[in-house]
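*Asks:* The structure under discussion is supplied below as structure tokens; questions concerning it will follow.
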Amino acid sequence: PLTGTGTIVTPAADAARGVGAFNVIQLEHVQAIVAGAEAAGAPVVLQLSENAVRYHGALAPIASATLAVARAADVPVAVHLDHATSAGLVGEAVELGFSSVMFDASALDYDDNVRATTEVVEHCHAAGVWVEAELGEVGGKDGVHSPGARTDPAEAAAFVAATGVDALAVAVGTSHAMLTRDAELDFELIAALRAAVPAPLVLHGSSGVADAHLTRAVTHGITKINIATHLNQVFTAAVRQALADRSQLADTRRYLGPGRTAMTAEATRLLGVLRAA
Ligand code: G3H
Ligand code: ZN
């Protein structure tokens with residue numbers, strides 16, 4: 001069923017378990033991730049990013065389909081708006097019944113980030129919607145990788161107190177859209193952030209992190225693990241395989257289906273890795 005994000009993330013944070021938060025673009029992603037979570041017997045967060053909404057041209061069509069699949073699922077599924085910079089889009093997600101939003105004002109300086117995030121938190125909390133924000137910019141969204149970015153624990157604690165956010169995305173060595181899983185995480189910093197910040201921590205750009213390091217990130221204090229690129233790589237590799245040598249292929253189901261099947265298996269596997277933490 002469709003579930004509050006806090007209902008999934010809070011107990012996981014208390015038990016030092018990881019929660020998979022996987023990005024969706026097409027309906028096939030939604031189906032694959034939910035089927036993968038059902039096979040793993042694990043809850044999952046489906047995330048639609050502002051960028052994915054821009055691709056579709058509107059939030060409601062893909063969001064309605066995503067919410068419908070979540071409602072019908074056999075495991076708890078949260079639907080989350082990812083990397084929103086537009087307060088208007090956040091409002092639309094709240095109206096549609098999203099479980100949570102990430103408001104990303106990480107590119108602003110500290111005071112402006114606090115101001116903008118606080119406004120969004122007030123609006124969302126009034127509607128019972130859980131909010132994630134980011135402090136210390138995790139790079140790579142624009143193709144420019146900056147794995148050296150770091151979130152300061154004292155500043156993070158002050159930010160959470162000032163804004164009232166429910167979870168905080170932190171910069172600890174990852175970068176978005178990495179194609180190889182060789183990011184070097186700052187585990188000491190993760191532990192220091194966990195000790196300083198009274199809210200669950202979120203790791204963005206987790207595609208660049210090897211399985212063993214994902215597990216270590218969770219045991220050191222990360223709860224929500226955001227993965228997009230890696231699952232897309234798996235999906236697209238299967239599509240590429242299905243299309244190879246079949247120049248007459250026309251029915252889109254013949255190549256999207258294998259992509260969906262491959263993504264399902266990898267989602268199940270990743271949720272197992274996070275659970276093993
Ligand atoms: O918000 C989404 C994630 O941070 C995904 O990043 O594509 O590098 O896995 P990724
Ligand atoms: Zn991200």
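Just so we're on the same page: first chain in the structure tokens is A, next is B, and so on; residues restart at 1 for each chain, and ligands are numbered from 1 in the order they show up.
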Let me see if you get this right: every residue at most 10 Å from ligand 2, counting only C-alpha atoms and all ligand atoms, written as a list of chain:residue names.
*Replies:*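 Based on only C-alpha atoms and all ligand atoms, ligand 2 is surrounded within 10 Å by A:Asn23, A:Gln47, A:Ser49, A:Asp82, A:His83, A:Met102, A:Asp104, A:Glu134, A:Glu137, A:Val138, A:Gly139, A:Gly140, A:Lys141, A:Ala169, A:Thr174, A:Ser175, A:His176, A:Ala177, A:Val202, A:Leu203, A:His204, A:Gly205, A:Ser206, A:Ile225, A:Asn226, A:Ile227, A:Ala228.
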*Asks:* Could you write those residues out with N, CA and C atoms, as an mmCIF file, in the first residue's frame?
*Replies:*
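again09.cif written:
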data_model
loop_
_atom_site.group_PDB
_atom_site.id
_atom_site.type_symbol
_atom_site.label_atom_id
_atom_site.label_comp_id
_atom_site.auth_asym_id
_atom_site.auth_seq_id
_atom_site.Cartn_x
_atom_site.Cartn_y
_atom_site.Cartn_z
ATOM 1 N N ASN A 23 14.801 5.826 -8.194
ATOM 2 C CA ASN A 23 14.141 6.786 -9.085
ATOM 3 C C ASN A 23 13.383 6.104 -10.216
ATOM 4 N N GLN A 47 10.873 7.382 -6.327
ATOM 5 C CA GLN A 47 11.140 8.814 -6.417
ATOM 6 C C GLN A 47 10.995 9.312 -7.840
ATOM 7 N N SER A 49 11.838 12.637 -9.900
ATOM 8 C CA SER A 49 12.593 13.884 -9.757
ATOM 9 C C SER A 49 11.953 15.006 -10.573
ATOM 10 N N ASP A 82 11.514 14.105 -5.875
ATOM 11 C CA ASP A 82 12.961 14.178 -5.649
ATOM 12 C C ASP A 82 13.551 15.446 -6.272
ATOM 13 N N HIS A 83 14.464 16.085 -5.550
ATOM 14 C CA HIS A 83 15.194 17.254 -6.062
ATOM 15 C C HIS A 83 14.286 18.347 -6.604
ATOM 16 N N MET A 102 11.470 15.992 -1.527
ATOM 17 C CA MET A 102 12.780 16.540 -1.221
ATOM 18 C C MET A 102 12.827 17.919 -1.835
ATOM 19 N N ASP A 104 15.208 20.837 -2.691
ATOM 20 C CA ASP A 104 16.653 20.957 -2.876
ATOM 21 C C ASP A 104 17.060 22.399 -3.114
ATOM 22 N N GLU A 134 18.555 19.260 1.595
ATOM 23 C CA GLU A 134 19.977 18.953 1.370
ATOM 24 C C GLU A 134 20.850 20.102 1.834
ATOM 25 N N GLU A 137 26.303 20.646 -1.104
ATOM 26 C CA GLU A 137 25.776 20.200 -2.399
ATOM 27 C C GLU A 137 26.454 18.932 -2.922
ATOM 28 N N VAL A 138 25.642 17.864 -3.134
ATOM 29 C CA VAL A 138 26.145 16.661 -3.806
ATOM 30 C C VAL A 138 26.125 16.965 -5.300
ATOM 31 N N GLY A 139 27.308 16.968 -5.944
ATOM 32 C CA GLY A 139 27.399 17.396 -7.340
ATOM 33 C C GLY A 139 26.970 16.321 -8.321
ATOM 34 N N GLY A 140 27.238 16.583 -9.588
ATOM 35 C CA GLY A 140 27.035 15.600 -10.643
ATOM 36 C C GLY A 140 25.739 15.743 -11.414
ATOM 37 N N LYS A 141 24.767 16.494 -10.864
ATOM 38 C CA LYS A 141 23.474 16.599 -11.535
ATOM 39 C C LYS A 141 23.623 17.297 -12.882
ATOM 40 N N ALA A 169 19.780 15.200 3.390
ATOM 41 C CA ALA A 169 20.736 14.679 2.404
ATOM 42 C C ALA A 169 22.076 15.348 2.667
ATOM 43 N N THR A 174 29.936 11.119 -2.340
ATOM 44 C CA THR A 174 29.292 10.671 -3.582
ATOM 45 C C THR A 174 29.107 11.836 -4.549
ATOM 46 N N SER A 175 28.749 11.496 -5.775
ATOM 47 C CA SER A 175 28.391 12.473 -6.792
ATOM 48 C C SER A 175 27.327 11.810 -7.655
ATOM 49 N N HIS A 176 26.399 12.602 -8.176
ATOM 50 C CA HIS A 176 25.307 12.014 -8.958
ATOM 51 C C HIS A 176 25.785 11.443 -10.297
ATOM 52 N N ALA A 177 25.055 10.442 -10.772
ATOM 53 C CA ALA A 177 25.190 9.922 -12.141
ATOM 54 C C ALA A 177 26.550 9.293 -12.428
ATOM 55 N N VAL A 202 20.378 10.925 4.418
ATOM 56 C CA VAL A 202 20.113 10.418 3.069
ATOM 57 C C VAL A 202 21.391 10.496 2.244
ATOM 58 N N LEU A 203 21.674 9.400 1.537
ATOM 59 C CA LEU A 203 22.828 9.371 0.631
ATOM 60 C C LEU A 203 22.340 9.485 -0.809
ATOM 61 N N HIS A 204 22.713 10.577 -1.462
ATOM 62 C CA HIS A 204 22.403 10.763 -2.880
ATOM 63 C C HIS A 204 23.571 10.253 -3.717
ATOM 64 N N GLY A 205 23.301 10.004 -4.991
ATOM 65 C CA GLY A 205 24.376 9.549 -5.873
ATOM 66 C C GLY A 205 24.905 8.185 -5.477
ATOM 67 N N SER A 206 24.038 7.324 -4.959
ATOM 68 C CA SER A 206 24.504 6.033 -4.437
ATOM 69 C C SER A 206 24.846 5.032 -5.537
ATOM 70 N N ILE A 225 18.863 5.414 0.965
ATOM 71 C CA ILE A 225 19.888 5.261 -0.070
ATOM 72 C C ILE A 225 19.249 5.514 -1.439
ATOM 73 N N ASN A 226 19.623 6.643 -2.070
ATOM 74 C CA ASN A 226 19.031 7.021 -3.360
ATOM 75 C C ASN A 226 19.828 6.442 -4.521
ATOM 76 N N ILE A 227 19.154 5.666 -5.355
ATOM 77 C CA ILE A 227 19.819 5.072 -6.520
ATOM 78 C C ILE A 227 18.970 5.299 -7.773
ATOM 79 N N ALA A 228 19.579 5.874 -8.796
ATOM 80 C CA ALA A 228 18.894 6.072 -10.076
ATOM 81 C C ALA A 228 19.720 5.475 -11.219
#
*Asks:* Please run DSSP on the backbone and report, as a VMD selection string, all residues within segment 56-273 of chain A that come out as strand (DSSP E).
*Replies:* chain A and resid 77 to 84 100 to 103 130 to 135 167 to 170 201 to 203 222 to 227
*Asks:* Using only N, CA and C atoms, please write the residues we just selected to a file, as a PDB file, in the first residue's frame.
*Replies:*
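That gives us result_0.pdb:
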ATOM      1  N   VAL A  77       4.957   1.084   0.160  1.00  0.00           N
ATOM      2  CA  VAL A  77       5.628   1.857  -0.897  1.00  0.00           C
ATOM      3  C   VAL A  77       5.332   3.338  -0.681  1.00  0.00           C
ATOM      4  N   ALA A  78       6.386   4.142  -0.590  1.00  0.00           N
ATOM      5  CA  ALA A  78       6.224   5.592  -0.489  1.00  0.00           C
ATOM      6  C   ALA A  78       6.476   6.199  -1.862  1.00  0.00           C
ATOM      7  N   VAL A  79       5.772   7.282  -2.158  1.00  0.00           N
ATOM      8  CA  VAL A  79       5.998   8.013  -3.416  1.00  0.00           C
ATOM      9  C   VAL A  79       6.518   9.404  -3.052  1.00  0.00           C
ATOM     10  N   HIS A  80       7.695   9.716  -3.594  1.00  0.00           N
ATOM     11  CA  HIS A  80       8.489  10.865  -3.146  1.00  0.00           C
ATOM     12  C   HIS A  80       8.847  11.755  -4.340  1.00  0.00           C
ATOM     13  N   LEU A  81       8.717  13.057  -4.172  1.00  0.00           N
ATOM     14  CA  LEU A  81       9.176  14.017  -5.188  1.00  0.00           C
ATOM     15  C   LEU A  81      10.635  14.325  -4.889  1.00  0.00           C
ATOM     16  N   ASP A  82      11.514  14.105  -5.875  1.00  0.00           N
ATOM     17  CA  ASP A  82      12.961  14.178  -5.649  1.00  0.00           C
ATOM     18  C   ASP A  82      13.551  15.446  -6.272  1.00  0.00           C
ATOM     19  N   HIS A  83      14.464  16.085  -5.550  1.00  0.00           N
ATOM     20  CA  HIS A  83      15.194  17.254  -6.062  1.00  0.00           C
ATOM     21  C   HIS A  83      14.286  18.347  -6.604  1.00  0.00           C
ATOM     22  N   ALA A  84      13.228  18.675  -5.879  1.00  0.00           N
ATOM     23  CA  ALA A  84      12.374  19.774  -6.305  1.00  0.00           C
ATOM     24  C   ALA A  84      13.039  21.100  -5.949  1.00  0.00           C
ATOM     25  N   SER A 100       5.987  12.171   0.374  1.00  0.00           N
ATOM     26  CA  SER A 100       7.075  13.050   0.810  1.00  0.00           C
ATOM     27  C   SER A 100       7.643  13.823  -0.363  1.00  0.00           C
ATOM     28  N   VAL A 101       8.426  14.845  -0.022  1.00  0.00           N
ATOM     29  CA  VAL A 101       9.140  15.612  -1.036  1.00  0.00           C
ATOM     30  C   VAL A 101      10.557  15.877  -0.557  1.00  0.00           C
ATOM     31  N   MET A 102      11.470  15.992  -1.527  1.00  0.00           N
ATOM     32  CA  MET A 102      12.780  16.540  -1.221  1.00  0.00           C
ATOM     33  C   MET A 102      12.827  17.919  -1.835  1.00  0.00           C
ATOM     34  N   PHE A 103      13.025  18.923  -0.984  1.00  0.00           N
ATOM     35  CA  PHE A 103      13.198  20.280  -1.493  1.00  0.00           C
ATOM     36  C   PHE A 103      14.690  20.548  -1.512  1.00  0.00           C
ATOM     37  N   TRP A 130       6.050  14.453   4.610  1.00  0.00           N
ATOM     38  CA  TRP A 130       7.425  14.354   5.133  1.00  0.00           C
ATOM     39  C   TRP A 130       8.372  15.092   4.194  1.00  0.00           C
ATOM     40  N   VAL A 131       9.354  15.767   4.750  1.00  0.00           N
ATOM     41  CA  VAL A 131      10.246  16.593   3.918  1.00  0.00           C
ATOM     42  C   VAL A 131      11.725  16.259   4.131  1.00  0.00           C
ATOM     43  N   GLU A 132      12.416  16.101   3.014  1.00  0.00           N
ATOM     44  CA  GLU A 132      13.875  15.937   3.008  1.00  0.00           C
ATOM     45  C   GLU A 132      14.481  17.198   2.405  1.00  0.00           C
ATOM     46  N   ALA A 133      15.609  17.641   2.947  1.00  0.00           N
ATOM     47  CA  ALA A 133      16.320  18.770   2.346  1.00  0.00           C
ATOM     48  C   ALA A 133      17.792  18.387   2.225  1.00  0.00           C
ATOM     49  N   GLU A 134      18.555  19.260   1.595  1.00  0.00           N
ATOM     50  CA  GLU A 134      19.977  18.953   1.370  1.00  0.00           C
ATOM     51  C   GLU A 134      20.850  20.102   1.834  1.00  0.00           C
ATOM     52  N   LEU A 135      21.945  19.729   2.476  1.00  0.00           N
ATOM     53  CA  LEU A 135      22.924  20.732   2.916  1.00  0.00           C
ATOM     54  C   LEU A 135      24.308  20.243   2.526  1.00  0.00           C
ATOM     55  N   ALA A 167      14.354  14.736   7.261  1.00  0.00           N
ATOM     56  CA  ALA A 167      15.545  13.978   6.874  1.00  0.00           C
ATOM     57  C   ALA A 167      16.497  14.910   6.152  1.00  0.00           C
ATOM     58  N   LEU A 168      17.783  14.565   6.180  1.00  0.00           N
ATOM     59  CA  LEU A 168      18.775  15.452   5.577  1.00  0.00           C
ATOM     60  C   LEU A 168      19.699  14.693   4.630  1.00  0.00           C
ATOM     61  N   ALA A 169      19.780  15.200   3.390  1.00  0.00           N
ATOM     62  CA  ALA A 169      20.736  14.679   2.404  1.00  0.00           C
ATOM     63  C   ALA A 169      22.076  15.348   2.667  1.00  0.00           C
ATOM     64  N   VAL A 170      23.122  14.526   2.745  1.00  0.00           N
ATOM     65  CA  VAL A 170      24.446  15.041   3.117  1.00  0.00           C
ATOM     66  C   VAL A 170      25.490  14.700   2.050  1.00  0.00           C
ATOM     67  N   LEU A 201      19.557  10.350   7.857  1.00  0.00           N
ATOM     68  CA  LEU A 201      20.453  10.881   6.825  1.00  0.00           C
ATOM     69  C   LEU A 201      20.213  10.167   5.496  1.00  0.00           C
ATOM     70  N   VAL A 202      20.378  10.925   4.418  1.00  0.00           N
ATOM     71  CA  VAL A 202      20.113  10.418   3.069  1.00  0.00           C
ATOM     72  C   VAL A 202      21.391  10.496   2.244  1.00  0.00           C
ATOM     73  N   LEU A 203      21.674   9.400   1.537  1.00  0.00           N
ATOM     74  CA  LEU A 203      22.828   9.371   0.631  1.00  0.00           C
ATOM     75  C   LEU A 203      22.340   9.485  -0.809  1.00  0.00           C
ATOM     76  N   ILE A 222      23.797   6.125   7.669  1.00  0.00           N
ATOM     77  CA  ILE A 222      22.909   6.554   6.573  1.00  0.00           C
ATOM     78  C   ILE A 222      21.659   5.658   6.598  1.00  0.00           C
ATOM     79  N   THR A 223      20.490   6.238   6.321  1.00  0.00           N
ATOM     80  CA  THR A 223      19.271   5.416   6.287  1.00  0.00           C
ATOM     81  C   THR A 223      18.709   5.295   4.862  1.00  0.00           C
ATOM     82  N   LYS A 224      18.445   6.430   4.223  1.00  0.00           N
ATOM     83  CA  LYS A 224      17.807   6.403   2.891  1.00  0.00           C
ATOM     84  C   LYS A 224      18.902   6.428   1.822  1.00  0.00           C
ATOM     85  N   ILE A 225      18.863   5.414   0.965  1.00  0.00           N
ATOM     86  CA  ILE A 225      19.888   5.261  -0.070  1.00  0.00           C
ATOM     87  C   ILE A 225      19.249   5.514  -1.439  1.00  0.00           C
ATOM     88  N   ASN A 226      19.623   6.643  -2.070  1.00  0.00           N
ATOM     89  CA  ASN A 226      19.031   7.021  -3.360  1.00  0.00           C
ATOM     90  C   ASN A 226      19.828   6.442  -4.521  1.00  0.00           C
ATOM     91  N   ILE A 227      19.154   5.666  -5.355  1.00  0.00           N
ATOM     92  CA  ILE A 227      19.819   5.072  -6.520  1.00  0.00           C
ATOM     93  C   ILE A 227      18.970   5.299  -7.773  1.00  0.00           C
TER      94      ILE A 227
END
*Asks:* Write out as a ChimeraX atom specification which residues come within 12 Å of Pro11 of chain A when counting only C-alpha atoms, dropping same-chain ones fewer than 4 positions away.
*Replies:* /A:4-7,15-19,43,199-200,223-224
*Asks:* For ligand 1, which residue out of A:Gln248, A:Thr117, A:Thr268, A:Gln233 is the nearest one, using only C-alpha atoms and all ligand atoms?
*Replies:*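 Comparing A:Gln248, A:Thr117, A:Thr268, A:Gln233 against ligand 1, the winner is A:Gln233.
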*Asks:* Determine the nearest neighbour of ligand 1 from the options A:Asp152, A:Asp182, A:Glu95, A:Asp14, counting only C-alpha atoms and all ligand atoms.
*Replies:*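 With only C-alpha atoms and all ligand atoms as the atom set, the closest residue is A:Asp182.
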*Asks:* Could you find all residues in segment 207-250 of chain A that DSSP calls alpha helix (DSSP H) from the backbone, and write them as a ChimeraX atom specification?
*Replies:* /A:211-220,229-243
*Asks:* Write out, as a short mmCIF file (atom, residue, chain, number, x, y, z; two decimals), in the first residue's frame, the residues just selected, with C-alpha atoms.
*Replies:*
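The result, written out as part-v1.cif:
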data_model
loop_
_atom_site.label_atom_id
_atom_site.label_comp_id
_atom_site.auth_asym_id
_atom_site.auth_seq_id
_atom_site.Cartn_x
_atom_site.Cartn_y
_atom_site.Cartn_z
CA ASP A 211 27.64 -2.97 -2.41
CA ALA A 212 30.03 -3.42 0.53
CA HIS A 213 30.31 0.35 0.98
CA LEU A 214 26.54 0.80 0.86
CA THR A 215 26.32 -1.65 3.75
CA ARG A 216 29.04 0.23 5.64
CA ALA A 217 27.32 3.56 4.97
CA VAL A 218 24.18 2.19 6.60
CA THR A 219 25.99 0.76 9.63
CA HIS A 220 27.73 4.14 10.07
CA THR A 229 21.72 5.70 -12.60
CA HIS A 230 22.76 2.17 -11.65
CA LEU A 231 19.24 0.77 -12.11
CA ASN A 232 18.95 2.62 -15.42
CA GLN A 233 22.22 1.04 -16.53
CA VAL A 234 20.77 -2.40 -15.78
CA PHE A 235 17.49 -1.58 -17.56
CA THR A 236 19.23 -0.15 -20.63
CA ALA A 237 21.73 -3.00 -20.91
CA ALA A 238 18.81 -5.43 -21.20
CA VAL A 239 17.08 -3.20 -23.77
CA ARG A 240 20.31 -3.00 -25.78
CA GLN A 241 20.63 -6.77 -25.65
CA ALA A 242 17.02 -7.26 -26.79
CA LEU A 243 17.48 -4.90 -29.72
#
*Asks:* Compare A:Val165, A:Ala37, A:Val209, A:Ala58 by their minimum atom-to-atom distance to Ala73 of chain A, counting only C-alpha atoms, and give me the closest one.
*Replies:* A:Ala37
